[in-house]
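Trainee: Here it is, the structure, as C-alpha cells.
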Amino acid sequence: MQTPVPDYLHEVLDSLREDNSGETAQYIPELANADPTPFALSITTATGSTYCAGDSDTPFSIQSISKPFAYAAAIMDRGLDHVLKTISVEASGEAFNELSLEDGTNRPKNPMINAGAIAAHSLLVGKDATAAARNQRVLDMFSSLAGRELSVDEDVYRSELTTADHNFAMAHMLRKFGILTDDVHEVVAGYTRQCSILVTVNDLSMMAATLANGGVQPVTRERIIDADTARQVMSVMAVAGMYDGAGDWLTRVGIPAKSGVSGGLVGVLPDQVGVAAFSPRLDSHGNSQRSRRIFERLSSDMDMHLFAPS
Ligand code: GLN
C-alpha cells in the first residue's frame, strides 16, 4: 500500500542535497559511470505501509545489500548448523573485499563481507545444485521479498564480472581451504549476478520490512523467511553489515544495516520498520555518503535506535 509522502522525508532529503562529497564506485566500470545524482528514501512499516521521497522509482543494482537475503536463503536451504560450519558470524573489522578468514577454521569471518557472501552463494539450493538453480533461487526469493518480479541488470553483471579478479582470487583461496567445493567461476559468476539484481528503494524497504516483520512479507502476507533465520540475519547485520565501521554505526545510529557499492543502504528495526536510502556517491568505507547521513538523521530525530529506552 502506497501512502502519501510525509513532508518530513522530503525535508530530510533536501537538507542533505548539497553534500556532493565522495564518488561512485570506481572499480566497476558500469558503476563508475553511473549518474551520481539520484537521491531517494523509503520507509516500510512492519504492517506494510510505505512512505517514500525523491527518486524512489529509480532502479539500481542491489550489490552487497543482496548478502543478508542470500544468507537467509542459504540457511533455509542447508540448515543453520551447516552454514555456520562454512561461514562464521564475527565482526571482521576490515573492508568488504578483505579475505578475513578465521584462524584455525579458515571460515570467512561473516556473510556480509565478499568472501562470506561468495561462500553463502555456493551453499544455495543444495549440494551439487546447478549454477542456474542457484541464480533462480536468488531471483525468485528477492522477487517474493519485494512483492514484484525483479530482473538482472545484464550490463552491470558483465561489467563487474570482467573486472572481478579480486573476487576470483578470494574464491580460489576459499577453494584451497576447502570452504568452496564448487567450480570457482560458476560461484563468482552467480554471486556477481546476485549483486546485479535491479531494485528501487521501495523494493529494498519492503525486503527489509519483511525481516523486521520476522520473515513475513507485510503486504502479501507470505512467509518467506522463517522467524529464527530472520533473527540470525538481523543479528549478523548488526555485527557486520557496515564492515569496518560496524561498531561506530551500531552505537551511534543503532539500526542493523547493510550497504552496497551502488549507493543503497537498508536498515531494519525489528517489529517496526524497514528503511532504504539511495545515493551513488560513496565515502571512504564504500558506504553511500548521503544515505549514511539520512540514517543518522532518522535515528536522532525519531529515536530509531535499537537500544533507545522506550
Ligand atoms: N558486487 C560487489 C563486489 O563483489 C559488492 C560489494 C559491495 O556492494 N560492497 O565487490
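Following the order of the C-alpha cells, chains are lettered A, B, ..., residues in each are numbered from 1, and ligands are numbered from 1.
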Taking only C-alpha atoms and all ligand atoms into account, which residues have an atom no farther than 7 Å from ligand 1? I'd like them as a PDB file with C-alpha atoms, in the first residue's frame.

Mentor:
```
ATOM      1  CA  GLN A  63      25.119  -5.153  -4.793  1.00  0.00           C
ATOM      2  CA  SER A  64      26.054  -6.107  -1.215  1.00  0.00           C
ATOM      3  CA  ILE A  65      22.539  -5.499   0.072  1.00  0.00           C
ATOM      4  CA  PHE A  96      34.257  -5.599   2.414  1.00  0.00           C
ATOM      5  CA  ASN A  97      36.795  -7.085  -0.002  1.00  0.00           C
ATOM      6  CA  ASN A 114      32.576 -10.678  -0.043  1.00  0.00           C
ATOM      7  CA  ASN A 167      36.657 -11.860  -6.033  1.00  0.00           C
ATOM      8  CA  THR A 192      28.000 -11.333  -9.256  1.00  0.00           C
ATOM      9  CA  CYS A 195      24.680  -8.416  -6.868  1.00  0.00           C
ATOM     10  CA  SER A 259      25.215  -1.070   2.426  1.00  0.00           C
ATOM     11  CA  GLY A 260      26.030  -1.685  -1.242  1.00  0.00           C
ATOM     12  CA  VAL A 261      28.596  -0.102  -3.581  1.00  0.00           C
ATOM     13  CA  SER A 262      25.957   1.177  -5.993  1.00  0.00           C
ATOM     14  CA  GLY A 286      32.430   2.192   0.379  1.00  0.00           C
TER      15      GLY A 286
END
```

Trainee: From a DSSP calculation on the backbone, collect every residue of region 41-284 of chain A in strand (DSSP E) and output the set as a list in words.

Mentor: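 Selecting the strand (DSSP E) positions of region 41-284 of chain A gives Leu41, Ser42, Ile43, Thr44, Thr45, Thr50, Tyr51, Cys52, Ala53, Gly54, Phe60, Ser61, Leu198, Val199, Ala257, Lys258, Ser259, Gly264, Leu265, Val266, Gly267, Val268, Leu269, Val273, Gly274, Val275, Ala276, Ala277 and Phe278 of chain A.
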
Trainee: Could you name the residues that touch Ala230 (chain A) at 12 Å or less, counting only C-alpha atoms, but leaving out those on the same chain fewer than 4 positions away, as a PyMOL selection string?

Mentor: chain A and resi 68-73+75-76+80+207-217+223-226+234-237+268-271

Trainee: Take the selection from the previous step and output its residues with N, CA and C atoms, as a tab-separated table (two decimals), in the first residue's frame.

Mentor:
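Final output, out.tsv:
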```
chain	number	residue	atom	x	y	z
A	68	PRO	N	22.59	-10.17	3.02
A	68	PRO	CA	21.78	-10.72	4.12
A	68	PRO	C	20.65	-11.62	3.62
A	69	PHE	N	20.07	-11.28	2.47
A	69	PHE	CA	18.93	-12.05	1.98
A	69	PHE	C	19.37	-13.39	1.40
A	70	ALA	N	20.52	-13.39	0.71
A	70	ALA	CA	21.04	-14.66	0.18
A	70	ALA	C	21.51	-15.55	1.35
A	71	TYR	N	22.03	-14.93	2.39
A	71	TYR	CA	22.43	-15.69	3.60
A	71	TYR	C	21.19	-16.36	4.20
A	72	ALA	N	20.08	-15.62	4.25
A	72	ALA	CA	18.83	-16.21	4.75
A	72	ALA	C	18.44	-17.42	3.91
A	73	ALA	N	18.55	-17.29	2.60
A	73	ALA	CA	18.19	-18.40	1.72
A	73	ALA	C	19.10	-19.60	1.97
A	75	ILE	N	20.64	-20.43	4.71
A	75	ILE	CA	20.28	-21.06	5.99
A	75	ILE	C	19.04	-21.93	5.81
A	76	MET	N	18.05	-21.40	5.08
A	76	MET	CA	16.82	-22.18	4.92
A	76	MET	C	17.06	-23.41	4.03
A	80	LEU	N	21.02	-24.04	9.60
A	80	LEU	CA	21.96	-23.09	10.22
A	80	LEU	C	23.28	-23.78	10.60
A	207	MET	N	11.74	-5.34	1.37
A	207	MET	CA	12.56	-6.51	1.72
A	207	MET	C	13.01	-6.41	3.18
A	208	ALA	N	13.42	-5.21	3.58
A	208	ALA	CA	13.87	-5.00	4.96
A	208	ALA	C	12.71	-5.12	5.93
A	209	ALA	N	11.54	-4.62	5.52
A	209	ALA	CA	10.36	-4.70	6.40
A	209	ALA	C	9.95	-6.17	6.61
A	210	THR	N	10.24	-7.02	5.63
A	210	THR	CA	9.95	-8.44	5.79
A	210	THR	C	10.80	-9.03	6.91
A	211	LEU	N	12.06	-8.61	6.96
A	211	LEU	CA	12.92	-9.04	8.08
A	211	LEU	C	12.37	-8.48	9.39
A	212	ALA	N	12.03	-7.18	9.36
A	212	ALA	CA	11.50	-6.53	10.58
A	212	ALA	C	10.25	-7.25	11.07
A	213	ASN	N	9.50	-7.80	10.12
A	213	ASN	CA	8.25	-8.48	10.45
A	213	ASN	C	8.48	-9.98	10.70
A	214	GLY	N	9.71	-10.35	11.01
A	214	GLY	CA	10.02	-11.73	11.37
A	214	GLY	C	9.97	-12.70	10.21
A	215	GLY	N	10.06	-12.18	8.96
A	215	GLY	CA	10.13	-13.05	7.80
A	215	GLY	C	8.85	-13.14	6.99
A	216	VAL	N	7.78	-12.48	7.46
A	216	VAL	CA	6.52	-12.49	6.70
A	216	VAL	C	6.43	-11.19	5.90
A	217	GLN	N	6.27	-11.31	4.57
A	217	GLN	CA	6.17	-10.12	3.72
A	217	GLN	C	4.92	-9.35	4.16
A	223	ARG	N	4.95	-16.02	4.16
A	223	ARG	CA	6.15	-16.25	4.98
A	223	ARG	C	7.28	-16.65	4.05
A	224	ILE	N	8.32	-15.80	3.98
A	224	ILE	CA	9.42	-16.05	3.04
A	224	ILE	C	10.66	-16.52	3.79
A	225	ILE	N	10.82	-16.03	5.00
A	225	ILE	CA	11.99	-16.40	5.82
A	225	ILE	C	11.42	-16.87	7.17
A	226	ASP	N	11.94	-17.99	7.69
A	226	ASP	CA	11.40	-18.40	8.99
A	226	ASP	C	11.94	-17.47	10.09
A	234	MET	N	19.30	-10.53	11.02
A	234	MET	CA	19.35	-9.18	11.60
A	234	MET	C	20.52	-9.05	12.57
A	235	SER	N	20.80	-10.14	13.31
A	235	SER	CA	21.93	-10.11	14.26
A	235	SER	C	23.25	-9.91	13.51
A	236	VAL	N	23.41	-10.65	12.42
A	236	VAL	CA	24.67	-10.53	11.67
A	236	VAL	C	24.77	-9.15	11.00
A	237	MET	N	23.64	-8.59	10.58
A	237	MET	CA	23.68	-7.23	10.03
A	237	MET	C	24.18	-6.25	11.11
A	268	VAL	N	17.03	-2.17	9.37
A	268	VAL	CA	15.88	-2.91	9.90
A	268	VAL	C	15.74	-2.62	11.39
A	269	LEU	N	14.56	-2.20	11.80
A	269	LEU	CA	14.27	-2.13	13.23
A	269	LEU	C	13.20	-3.18	13.51
A	270	PRO	N	13.57	-4.25	14.25
A	270	PRO	CA	12.64	-5.36	14.46
A	270	PRO	C	11.27	-4.90	14.94
A	271	ASP	N	10.23	-5.49	14.35
A	271	ASP	CA	8.83	-5.20	14.69
A	271	ASP	C	8.38	-3.80	14.27
```

Trainee: So that I can check the surroundings of Pro59 (chain A), please list as a list of chain:residue names every protein, DNA and RNA residue that reaches within 6 Å of it, counting only C-alpha atoms and ignoring chain neighbours fewer than 2 positions away.

Mentor: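 My list of contacting residues is A:Leu198, A:Val199, A:Thr200.
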
Trainee: If we count only C-alpha atoms, what is near Ser88 (chain A) at a cut-off of 8 Å, once residues fewer than 3 positions away on the same chain are taken out, given as a PyMOL selection string?

Mentor: chain A and resi 84-85+102+107-111

Trainee: Please identify which residues in region 67-178 of chain A DSSP calls helix (DSSP H, G or I) from the backbone, and express them as number ranges by chain.

Mentor: A: 67-78, 80-86, 114-123, 131-146, 154-162, 165-176

Trainee: So, with only C-alpha atoms as the atoms that count, which of A:Leu41, A:Val89, A:Met206, A:Ile62 lies closest to Ala240 (chain A)?

Mentor: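 So, comparing all the options, the nearest one is A:Val89.
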
Trainee: Using only C-alpha atoms, which protein or nucleic acid residues come within 6 Å of region 136-153 of chain A? Drop anything in the same chain fewer than 2 positions from it, and give the result as a PyMOL selection string.

Mentor: chain A and resi 133-134+155-156+196-198+203+206-207

Trainee: For those residues, write C-alpha atoms to a file as a short mmCIF file (atom, residue, chain, number, x, y, z; two decimals), in the first residue's frame.

Mentor:
```cif
data_model
loop_
_atom_site.label_atom_id
_atom_site.label_comp_id
_atom_site.auth_asym_id
_atom_site.auth_seq_id
_atom_site.Cartn_x
_atom_site.Cartn_y
_atom_site.Cartn_z
CA ALA A 133 19.22 -23.26 -9.99
CA ARG A 134 21.11 -21.03 -7.56
CA ASP A 155 25.30 -4.55 -18.28
CA VAL A 156 26.30 -4.28 -14.63
CA SER A 196 23.36 -7.21 -10.26
CA ILE A 197 19.65 -7.62 -9.48
CA LEU A 198 17.84 -4.33 -10.05
CA ASP A 203 11.73 -2.73 -3.14
CA MET A 206 9.82 -3.86 1.57
CA MET A 207 12.56 -6.51 1.72
#
```

Trainee: Using only C-alpha atoms, which residues sit within 9 Å of Arg281 (chain A) once same-chain residues fewer than 6 positions away are excluded, as a list in words?

Mentor: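 Result of the neighbour search: Asn20, Ser21, Gly22, Glu23, Thr24, Ala25, Pro36, Thr37, Val261, Ser262, Gly263, Asn287, Ser288, Gln289 and Arg290 of chain A.
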
Trainee: Kindly export the residues of the current selection with C-alpha atoms, as a CSV table (one decimal), in the first residue's frame.

Mentor:
```csv
chain,number,residue,atom,x,y,z
A,20,ASN,CA,28.3,16.1,-3.0
A,21,SER,CA,31.3,14.5,-1.3
A,22,GLY,CA,32.6,11.1,-2.3
A,23,GLU,CA,32.5,9.4,-5.7
A,24,THR,CA,30.7,6.5,-7.4
A,25,ALA,CA,32.3,3.0,-7.0
A,36,PRO,CA,25.6,10.3,-9.2
A,37,THR,CA,22.5,12.5,-8.7
A,261,VAL,CA,28.6,-0.1,-3.6
A,262,SER,CA,26.0,1.2,-6.0
A,263,GLY,CA,24.8,3.6,-3.2
A,287,ASN,CA,29.1,3.2,2.0
A,288,SER,CA,26.8,5.8,0.4
A,289,GLN,CA,27.7,9.2,1.9
A,290,ARG,CA,24.3,10.8,1.8
```

Trainee: Between CA of Thr45 (chain A) and CA of Trp249 (chain A), measure the distance and give it in Å to one decimal.

Mentor: 21.8 Å

Trainee: Could you tell me how far CA of Thr86 (chain A) lies from CA of Ser205 (chain A), in Å and to one decimal?

Mentor: 29.1 Å

Trainee: Rank nothing, just name the residue among A:Ser310, A:Ala171, A:Val12, A:Met302 nearest to Asp183 (chain A), using only C-alpha atoms.

Mentor: A:Ala171

Trainee: Could you check which of A:Ser61, A:Pro309, A:Val266, A:Ser279 is closest to Ala40 (chain A), using only C-alpha atoms?

Mentor: A:Ser279
